[in-house]
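S.K.: Pasting in a structure now, in C-alpha cells, and then I'll have a few things to ask.
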Amino acid sequence: MALLTGFFSLGNTTLADSLTLHSGWQFSKYGSNEWLPAVVPGTVHQDLIAQGKLPDPFYGMNEDEIQWVEDEDWLYRTSFTLTEEQLAHQEIFLVFEGLDTYADVSLNGACILKADNMFVGYRVPVKHFLRKGENKLLVSFRSPLREAMPQWETNGFIYPAANDHRAERVSIFTRKAPYSYGWDWGIRMVTCGIWRPVRLEFAGQAVIEDYFVCQESVTSSRAEVDNRLEINNLSNQIQEAQVKITCTYGQERSRMIEQAVSLQPGVNTVSLPLNIESPHLWMPNGWGEAALYDFHASVTIDGKTVACKQHQIGLRSIRVVQEKDSLGMSFYFEVNGIPMFAKGTNLIPSDALLPRVTRERYVCLLEDVQAAHMNMIRVWGGGVYEDDALYEEADKRGILVWQDFMFACTPYPHDPAFLKQVSEEAVYNIKRLRNHASLAMWCGNNEVSEGMKYWGWKKKYGTEIYQQLADGYDILFRRLLPEKVKELDPGRFYLESSPYEANWGRPNTWKNGDSHNWGIWYGQKPFESLDAEIPRFMSEFGFQSFPEMKTIHSFASPEDYNMESPVMNAHQKSSIGNFLIKKTMGLYYRVPEKFEDLVYLGLVLQGQGMRQGMEAHRRNRPYCMGSLIWQLNDSWPVVSWSAIDYYGNWKALHYQSRRAFAPVLVDAVREGDKLKYYVMSDVLKTKDIVLQIELTDFKGKVLRRHQVKGELPVNSSALFYEEDWNSAFAACDTTTSFIHMTLKGAHDRQVLSDEVYYPVRPKAQHLPQAKINCKIKKKNGACELTLKSDQLARDVFIEIPVQGVRFSDNFFDLLPGVSRKILITSGDGSPLEDVSVHIRQLSDISYTEN
Ligand code: NHV
C-alpha cells in the first residue's frame with residue numbers, strides 16, 4: 001500500500017507527520033459479501049459507476065436506474081501498517097474531514113466513532129487501538145433513507161420540503177446536503193461515502209487544535225489582531241512552552257511575537273495580540289489587490305517545535321450596514337470603510353457527486369466569477385459548506401462570500417438530537433471558515449422565513465403544528481445559530497434568513513433589507529418589471545435556459561431533441577419551466593419551432609433579460625446596493641437558471657454579466673418620453689470623460705453623431721445626459737437603427753465603455769441576414785477568429801464541439817463594419833486540435849410562414 005508520510009500541506013494547514021489513508025479501500029453492499037475496489041475520498045455512486053454496476057446517472061433517463069442505491073447499506077474497508085516509531089508518538093488522531101452521513105467506524109475491532117452529520121469533520125484519538133504492523137479500518141454506512149424512517153413514520157405530518165423528490169421526504173431529518181434529495185435543477189442522488197480526506201495525525205507533546213486570527217480592528221493605519229490558539233497538552237503534566245506567531249507579507253520583514261506559556265494538561269486557550277501598522281489591506285475584486293499575509297503559529301517545548309499551524313490572512317474590515325433610513329432599511333456591504341455595490345451570483349454545489357469537485361474546478365469557477373467583474377458569491381443554503389479550496393481561492397481573488405447555513409425552503413425539526421447535530425455543525429464550520437478574508441457574513445437559511453410567512457403552511461398544517469414549526473424556527477435561526485456566530489466569530493454579521501423580507505408579488509415592498517425577485521419567473525412578468533421593482537439588495541433573481549447543444553448532446557441523442565421529450569423532461573425539473581421560457585420569449589422574439597433554435601434563442605433571452613436587472617440594480621445605487629444572480633453553476637447537465645453549465649461553458653448570461661458588471665458602464669434607458677444615459681462606476685477615482693452618441697443604421701451609416709463631456713462618477717451611478725426620445729430617433733427608422741455609445745477618457749482617449757441601445761424589441765426589428773466574414777488563425781494551441789460584417793449581426797454565437805472551451809467573447813452583437821478578434825482556448829490548457837466552428841446570429845432563425 002502506498003503510504004504518504006512526512007510534512008505536507010493541506011489547505012491552509014501544515015500538518016506534521018500525517019499518514020493519508022486514501023489507498024487500499026474496498027467497498028461492499030451490506031449482506032453481499034462481494035468486495036470491490038473503492039476510491040477514497042469518494043461516494044458509493046462513483047465506485048459503482050467505476051465498477052460498471054451503475055450507468056452514467058446523467059445520461060438519458062438513468063436517474064431512475066440509480067435510485068436503489070440510497071436504500072442500501074454500504075461497507076468500506078482498508079488496512080494500513082504502522083511502525084514502532086510511528087506508534088511511539090504521544091497521541092495519534094484519526095481524522096475524517098467528512099463522512100456522508102450515518103457511519104460507524106471500527107478500528108481493529110473497536111467502535112471508535114458514530115457519525116451522523118455530513119457537514120462535520122471528526123478527529124478521534126486512537127493511539128490506544130492501533131498496533132504495530134497491520135491495522136484494519138472499516139466504515140459502515142447506513143442508508144440515510146432507512147435511518148430516518150422511524151422519524152418519518154412517527155412525525156405525524158409531512159414537512160413541506162417540496163424539493164425532495166421522493167414520497168418519503170426524510171431530507172429534513174438528516175444533516176446532509178439538501179440538494180442531493182433532488183431540487184428544481186437537481187438530479188436526486190442520495191450519496192454516501194467517505195467524501196472528504198481521511199488521515200492519521202501523529203502528535204508530539206502538544207497539538208494546536210485551532211488557530212483563529214481574530215481581526216479586532218482594521219483601518220488603513222493599523223490592524224489589531226488577536227491570535228487565539230487552542231493548544232492541547234497531550235501529556236498528563238504541566239509543560240512549559242514557547243508560543244510564537246510570525247506574520248509575513250511578501251518580501252517584507254516578518255513581524256513576530258512570542259510568549260512563554262505553562263500548558264495545563266488538556267486544552268489551553270492562549271491569546272497573542274499583534275498590531276500591524278499601515279497594513280496592506282485586502283481589497284475586493286475591482287478595487288485593488290487582495291493582499292494576503294502569512295500568519296504562522298508554533299509551539300516549542302524543550303527547544304523542539306512540537307506543533308505549528310498557518311493561515312493566509314487578508315486584513316480588512318467588512319461591515320454589513322442594515323440600518324433604518326428614510327426609505328426603509330438599508331442592506332449593503334462596506335469594505336475598508338467604503339460602500340461596495342455587490343456584483344455577484346449564487347453558488348450551488350458544482351457536482352451531484354461532490355468529491356469530483358477538485359481545486360482545479362473551483363479555480364476555474366472563481367476565475368469565471370472574477371472575469372465577470374463580480375465581487376461576491378453567495379454559498380446558498382441548499383448545498384454544502386464548501387471545501388476549504390473554495391474559500392482560499394475566493395481569498396486570493398477578492399471575492400466576498402455570503403455564507404448560508406445549510407437550511408433551505410422548508411422548516412426543520414428541533415428535537416434535542418437534531419439541535420445537537422446542528423450545534424456541532426455550526427461550531428465546526430464557523431471555526432473552519434472564520435479565518436477567511438472572503439467570509440463576509442453568515443446567513444441562517446434560504447427562504448425559510450419567507451416560507452413561514454407566505455407559503456401557506458399555517459393553513460396547511462393548522463395552528464398547533466404551525467406553532468411547533470415556528471418554535472423550531474426561533475430556536476434554530478434566532479437563538480442557536482446567532483449565538484454560535486457571536487461566540488465563535490464575533491464581529492461577523494449574521495442575517496437570520498434571506499430574503500429579509502419576502503417582497504415579490506406584494507404591494508408596497510422592496511424597501512427593507514435583501515430581496516429575492518422571482519417576478520420574472522414565477523410571476524410571469526416581463527423583464528421590464530426589474531426596472532421598477534428595485535430592492536435595497538437583490539440576493540436572488542433568475543430566469544432559466546437550456547444548456548447549449550453540445551451539453552444537451554452529452555445526455556441526449558438527436559431523437560430526444562424536443563423540449564417535451566421524456567429525456568429532455570428528465571433534465572427539466574421545473575414543471576412550468578418550458579412554458580415560462582416560451583411565454584417570455586414571445587414578448588421579445590418570434591418563438592422558433594426548431595429545437596436547436598429554441599435552445600439558442602433561450603440562451604440569448606436569458607442573457608438579455610437578466611442583464612436588464614443587473615443594470616437596473618446598478619443604476620439605482622445607492623438605494624440598491626447589490627445584484628446577485630440566481631444561479632452561477634450547475635451540478636449536472638440540466639435545464640436551469642445557471643450562467644455556466646455543468647461542463648464549464650459560459651451561457652450568454654455570463655457574458656452579459658461581464659458586460660453589465662464592467663467597472664465603468666454606460667447604459668441608456670427610456671424613461672417616459674426621455675432617453676436617459678447613465679454612467680455607472682465602481683472605480684474609486686474620477687476623471688474627465690466624453691460620451692460619444694452615434695445614431696447608426698444596420699448597414700453602418702451614422703445618421704447623427706454628438707458628444708457630451710463630463711466627469712466619471714466615483715463609486716456611484718449618475719444620470720449623465722438625457723434627450724427627448726423622439727428627437728433621439730428623429731427621421732430614422734427605429735426598426736433598422738440603434739444608438740452606439742462610446743465612453744472615453746477625455747485626455748487619454750481610453751475606451752471605458754462601448755455599448756448599444758436598440759429603440760425597439762428584437763421582434764419588431766428588421767434584422768438583415770448579415771454575411772459574417774470569418775478568418776481563422778491557429779496561434780500557440782489557441783484559435784483566433786477575426787469576424788467582420790457589413791451589416792449588423794445580433795447575438796452572434798460561436799459554437800465549437802469541445803466541452804469547456806473558453807472564448808474571449810461570445811454572444812455579442814457584431815456592429816457593421818467593425819472587425820472583432822475572438823480568441824478561443826481549451827478549458828484545460830491543452831492545445832486546441834482542429835475544430836469546426838459554427839457561427840449563428842439572430843436572423844439565422846428560420847420560421848415556417850403560415
Ligand atoms: O426555483 C429556482 C430557485 C431555487 O432553485 C432555489 O431554491 O433559493 N428559487 C426560487 C425561489 N428561490 C429559489 C423562490 N421561489 C418561490 C418563492 C415564492 C413562491 C414560489 C416560489 C432558490
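As shown in the C-alpha cells, the chain order sets the letters A, B, ...; within each chain, residues go from 1, and ligands are also counted from 1 in the order they appear.
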Give me, as number ranges by chain, all polymer residues having an atom no more than 7 Å from A:Val270, counting only C-alpha atoms and skipping those fewer than 3 positions away in the same chain.
M.R.: A: 228-230
S.K.: Using only C-alpha atoms, which protein or nucleic acid residues come within 12 Å of A:Asn578? Drop anything in the same chain fewer than 5 positions from it, and give the result as a list in words.
M.R.: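 Within the cut-off, the hits are Trp521, Phe543, Gln544, Ser545, Phe546, Asn562, Met563, Glu564, Ser565, Met568, Asn569, His571, Gln572, Lys573, Lys583, Thr584, Met585, Phe595, Leu598, Val599, Gly602, Val639 and Ser640 of chain A.
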S.K.: When distances are computed from only C-alpha atoms and all ligand atoms, which of A:Gly121, A:Gly286, A:Pro816, A:Pro499 shows the smallest separation from ligand 1?
M.R.: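 Of A:Gly121, A:Gly286, A:Pro816, A:Pro499, the one nearest ligand 1 is A:Pro499, counting only C-alpha atoms and all ligand atoms.
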S.K.: Could you list, as a PDB file with N, CA and C atoms, in the first residue's frame, all residues that come within 8 Å of ligand 1? Count only C-alpha atoms and all ligand atoms.
M.R.:
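This is the output file selection_15.pdb:
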ATOM      1  N   TRP A 183     -33.683  18.754  -6.500  1.00  0.00           N
ATOM      2  CA  TRP A 183     -34.014  20.190  -6.408  1.00  0.00           C
ATOM      3  C   TRP A 183     -34.638  20.592  -7.738  1.00  0.00           C
ATOM      4  N   ASP A 184     -35.030  21.827  -7.881  1.00  0.00           N
ATOM      5  CA  ASP A 184     -35.687  22.141  -9.154  1.00  0.00           C
ATOM      6  C   ASP A 184     -34.689  22.394 -10.285  1.00  0.00           C
ATOM      7  N   TRP A 185     -33.428  22.088 -10.024  1.00  0.00           N
ATOM      8  CA  TRP A 185     -32.388  21.979 -11.064  1.00  0.00           C
ATOM      9  C   TRP A 185     -31.537  20.745 -10.794  1.00  0.00           C
ATOM     10  N   TRP A 380     -25.162  29.170  -1.218  1.00  0.00           N
ATOM     11  CA  TRP A 380     -26.597  29.043  -0.931  1.00  0.00           C
ATOM     12  C   TRP A 380     -26.899  27.850  -0.018  1.00  0.00           C
ATOM     13  N   GLY A 381     -27.922  28.005   0.803  1.00  0.00           N
ATOM     14  CA  GLY A 381     -28.211  27.075   1.888  1.00  0.00           C
ATOM     15  C   GLY A 381     -28.763  25.706   1.559  1.00  0.00           C
ATOM     16  N   GLY A 382     -28.925  25.385   0.278  1.00  0.00           N
ATOM     17  CA  GLY A 382     -29.427  24.046  -0.044  1.00  0.00           C
ATOM     18  C   GLY A 382     -28.327  23.083  -0.470  1.00  0.00           C
ATOM     19  N   ALA A 408     -32.761  25.176   3.740  1.00  0.00           N
ATOM     20  CA  ALA A 408     -33.395  25.875   2.624  1.00  0.00           C
ATOM     21  C   ALA A 408     -34.835  25.437   2.390  1.00  0.00           C
ATOM     22  N   CYS A 409     -35.702  26.432   2.271  1.00  0.00           N
ATOM     23  CA  CYS A 409     -37.040  26.284   1.693  1.00  0.00           C
ATOM     24  C   CYS A 409     -38.016  25.397   2.455  1.00  0.00           C
ATOM     25  N   ASN A 446     -31.984  29.813   3.724  1.00  0.00           N
ATOM     26  CA  ASN A 446     -32.552  30.338   2.497  1.00  0.00           C
ATOM     27  C   ASN A 446     -34.073  30.183   2.517  1.00  0.00           C
ATOM     28  N   GLU A 447     -34.768  31.312   2.554  1.00  0.00           N
ATOM     29  CA  GLU A 447     -36.221  31.376   2.315  1.00  0.00           C
ATOM     30  C   GLU A 447     -37.084  30.602   3.302  1.00  0.00           C
ATOM     31  N   GLU A 450     -39.419  33.367   4.687  1.00  0.00           N
ATOM     32  CA  GLU A 450     -40.424  33.683   3.662  1.00  0.00           C
ATOM     33  C   GLU A 450     -41.490  32.593   3.621  1.00  0.00           C
ATOM     34  N   GLY A 451     -41.037  31.346   3.660  1.00  0.00           N
ATOM     35  CA  GLY A 451     -41.960  30.227   3.647  1.00  0.00           C
ATOM     36  C   GLY A 451     -42.917  30.263   4.829  1.00  0.00           C
ATOM     37  N   TYR A 454     -45.409  33.123   4.076  1.00  0.00           N
ATOM     38  CA  TYR A 454     -46.208  33.270   2.850  1.00  0.00           C
ATOM     39  C   TYR A 454     -46.493  31.995   2.067  1.00  0.00           C
ATOM     40  N   TRP A 455     -45.943  30.876   2.461  1.00  0.00           N
ATOM     41  CA  TRP A 455     -46.128  29.712   1.602  1.00  0.00           C
ATOM     42  C   TRP A 455     -47.275  28.802   2.049  1.00  0.00           C
ATOM     43  N   TRP A 504     -41.596  39.884  -3.458  1.00  0.00           N
ATOM     44  CA  TRP A 504     -42.156  39.886  -4.798  1.00  0.00           C
ATOM     45  C   TRP A 504     -43.610  39.452  -4.785  1.00  0.00           C
ATOM     46  N   HIS A 516     -35.447  38.670  -2.764  1.00  0.00           N
ATOM     47  CA  HIS A 516     -35.368  37.746  -3.895  1.00  0.00           C
ATOM     48  C   HIS A 516     -36.498  38.154  -4.830  1.00  0.00           C
ATOM     49  N   ASN A 517     -36.189  38.402  -6.080  1.00  0.00           N
ATOM     50  CA  ASN A 517     -37.276  38.760  -7.001  1.00  0.00           C
ATOM     51  C   ASN A 517     -37.524  37.646  -7.993  1.00  0.00           C
ATOM     52  N   TRP A 518     -38.599  36.924  -7.786  1.00  0.00           N
ATOM     53  CA  TRP A 518     -38.953  35.834  -8.695  1.00  0.00           C
ATOM     54  C   TRP A 518     -40.105  36.211  -9.611  1.00  0.00           C
ATOM     55  N   TYR A 522     -41.573  32.996 -11.676  1.00  0.00           N
ATOM     56  CA  TYR A 522     -42.875  32.505 -11.198  1.00  0.00           C
ATOM     57  C   TYR A 522     -43.976  33.546 -11.414  1.00  0.00           C
ATOM     58  N   GLU A 540     -31.252  37.286  -4.975  1.00  0.00           N
ATOM     59  CA  GLU A 540     -31.613  36.234  -5.939  1.00  0.00           C
ATOM     60  C   GLU A 540     -32.550  36.813  -6.974  1.00  0.00           C
ATOM     61  N   GLY A 542     -33.690  35.275 -11.161  1.00  0.00           N
ATOM     62  CA  GLY A 542     -33.199  34.350 -12.173  1.00  0.00           C
ATOM     63  C   GLY A 542     -34.220  33.995 -13.236  1.00  0.00           C
ATOM     64  N   SER A 574     -38.168  21.904 -13.412  1.00  0.00           N
ATOM     65  CA  SER A 574     -39.172  22.908 -13.081  1.00  0.00           C
ATOM     66  C   SER A 574     -40.386  22.614 -13.949  1.00  0.00           C
ATOM     67  N   TRP A 630     -29.337  34.487  -9.675  1.00  0.00           N
ATOM     68  CA  TRP A 630     -29.630  33.078  -9.438  1.00  0.00           C
ATOM     69  C   TRP A 630     -29.462  32.387 -10.772  1.00  0.00           C
ATOM     70  N   TRP A 641     -31.368  27.773 -14.231  1.00  0.00           N
ATOM     71  CA  TRP A 641     -31.167  29.223 -14.186  1.00  0.00           C
ATOM     72  C   TRP A 641     -29.681  29.584 -14.261  1.00  0.00           C
TER      73      TRP A 641
END
S.K.: Neighbours of A:Arg253 within 12 Å (only C-alpha atoms; same-chain residues fewer than 5 positions away dropped), as a PyMOL selection string?
M.R.: chain A and resi 246-248+276+293-294
S.K.: Could you check the closest approach to A:Ile520 for each of A:Leu481, A:Gly613, A:Leu675, A:Glu386 and tell me which residue wins, using only C-alpha atoms?
M.R.: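 Nearest to A:Ile520: A:Gly613.
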S.K.: Which is closer to A:Glu209 than all the others in A:Leu587, A:Leu665, A:Ala764, A:Val267, using only C-alpha atoms?
M.R.: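 Closest to A:Glu209 of all the choices is A:Val267.
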S.K.: I need the strand (DSSP E or B) residues of stretch 487-586 of chain A per DSSP on the backbone, written as a short mmCIF file (atom, residue, chain, number, x, y, z; two decimals) with N, CA and C atoms, in the first residue's frame.
M.R.:
data_model
loop_
_atom_site.label_atom_id
_atom_site.label_comp_id
_atom_site.auth_asym_id
_atom_site.auth_seq_id
_atom_site.Cartn_x
_atom_site.Cartn_y
_atom_site.Cartn_z
N PHE A 493 -21.18 39.51 10.66
CA PHE A 493 -22.61 39.79 10.59
C PHE A 493 -23.41 38.50 10.43
N TYR A 494 -24.54 38.43 11.11
CA TYR A 494 -25.45 37.29 10.97
C TYR A 494 -26.81 37.79 10.52
N LEU A 495 -27.31 37.22 9.46
CA LEU A 495 -28.65 37.53 8.97
C LEU A 495 -29.49 36.29 9.20
N SER A 498 -32.57 34.73 4.38
CA SER A 498 -32.60 35.52 3.15
C SER A 498 -33.78 35.02 2.33
N ASN A 512 -37.01 47.14 2.41
CA ASN A 512 -36.24 46.72 3.59
C ASN A 512 -35.35 45.52 3.32
N ASP A 514 -32.52 42.66 2.22
CA ASP A 514 -32.28 42.00 0.94
C ASP A 514 -33.56 41.32 0.43
N SER A 515 -33.64 41.18 -0.89
CA SER A 515 -34.84 40.63 -1.53
C SER A 515 -34.49 39.56 -2.54
N HIS A 516 -35.45 38.67 -2.76
CA HIS A 516 -35.37 37.75 -3.90
C HIS A 516 -36.50 38.15 -4.83
N ASN A 517 -36.19 38.40 -6.08
CA ASN A 517 -37.28 38.76 -7.00
C ASN A 517 -37.52 37.65 -7.99
N PHE A 537 -31.26 45.41 -1.94
CA PHE A 537 -30.17 44.50 -2.28
C PHE A 537 -30.84 43.27 -2.88
N MET A 538 -30.44 42.90 -4.08
CA MET A 538 -31.08 41.74 -4.71
C MET A 538 -30.18 40.53 -4.50
N SER A 539 -30.63 39.60 -3.66
CA SER A 539 -29.78 38.44 -3.40
C SER A 539 -30.16 37.23 -4.24
N GLU A 540 -31.25 37.29 -4.97
CA GLU A 540 -31.61 36.23 -5.94
C GLU A 540 -32.55 36.81 -6.97
N PHE A 541 -32.27 36.61 -8.23
CA PHE A 541 -33.26 36.75 -9.30
C PHE A 541 -32.77 35.92 -10.46
N SER A 545 -32.60 28.74 -18.76
CA SER A 545 -32.31 28.45 -20.17
C SER A 545 -31.88 27.00 -20.28
#
S.K.: Smallest atom-to-atom distance to A:Val683: which of A:Ser657, A:Arg319, A:Met340, A:Leu94, using only C-alpha atoms?
M.R.: A:Met340
S.K.: Considering only C-alpha atoms, can you say which of A:Gly513, A:Pro178, A:Gly505, A:Pro558 comes closest to A:Pro349?
M.R.: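 Checking each candidate against A:Pro349, we get A:Pro178 as the closest.
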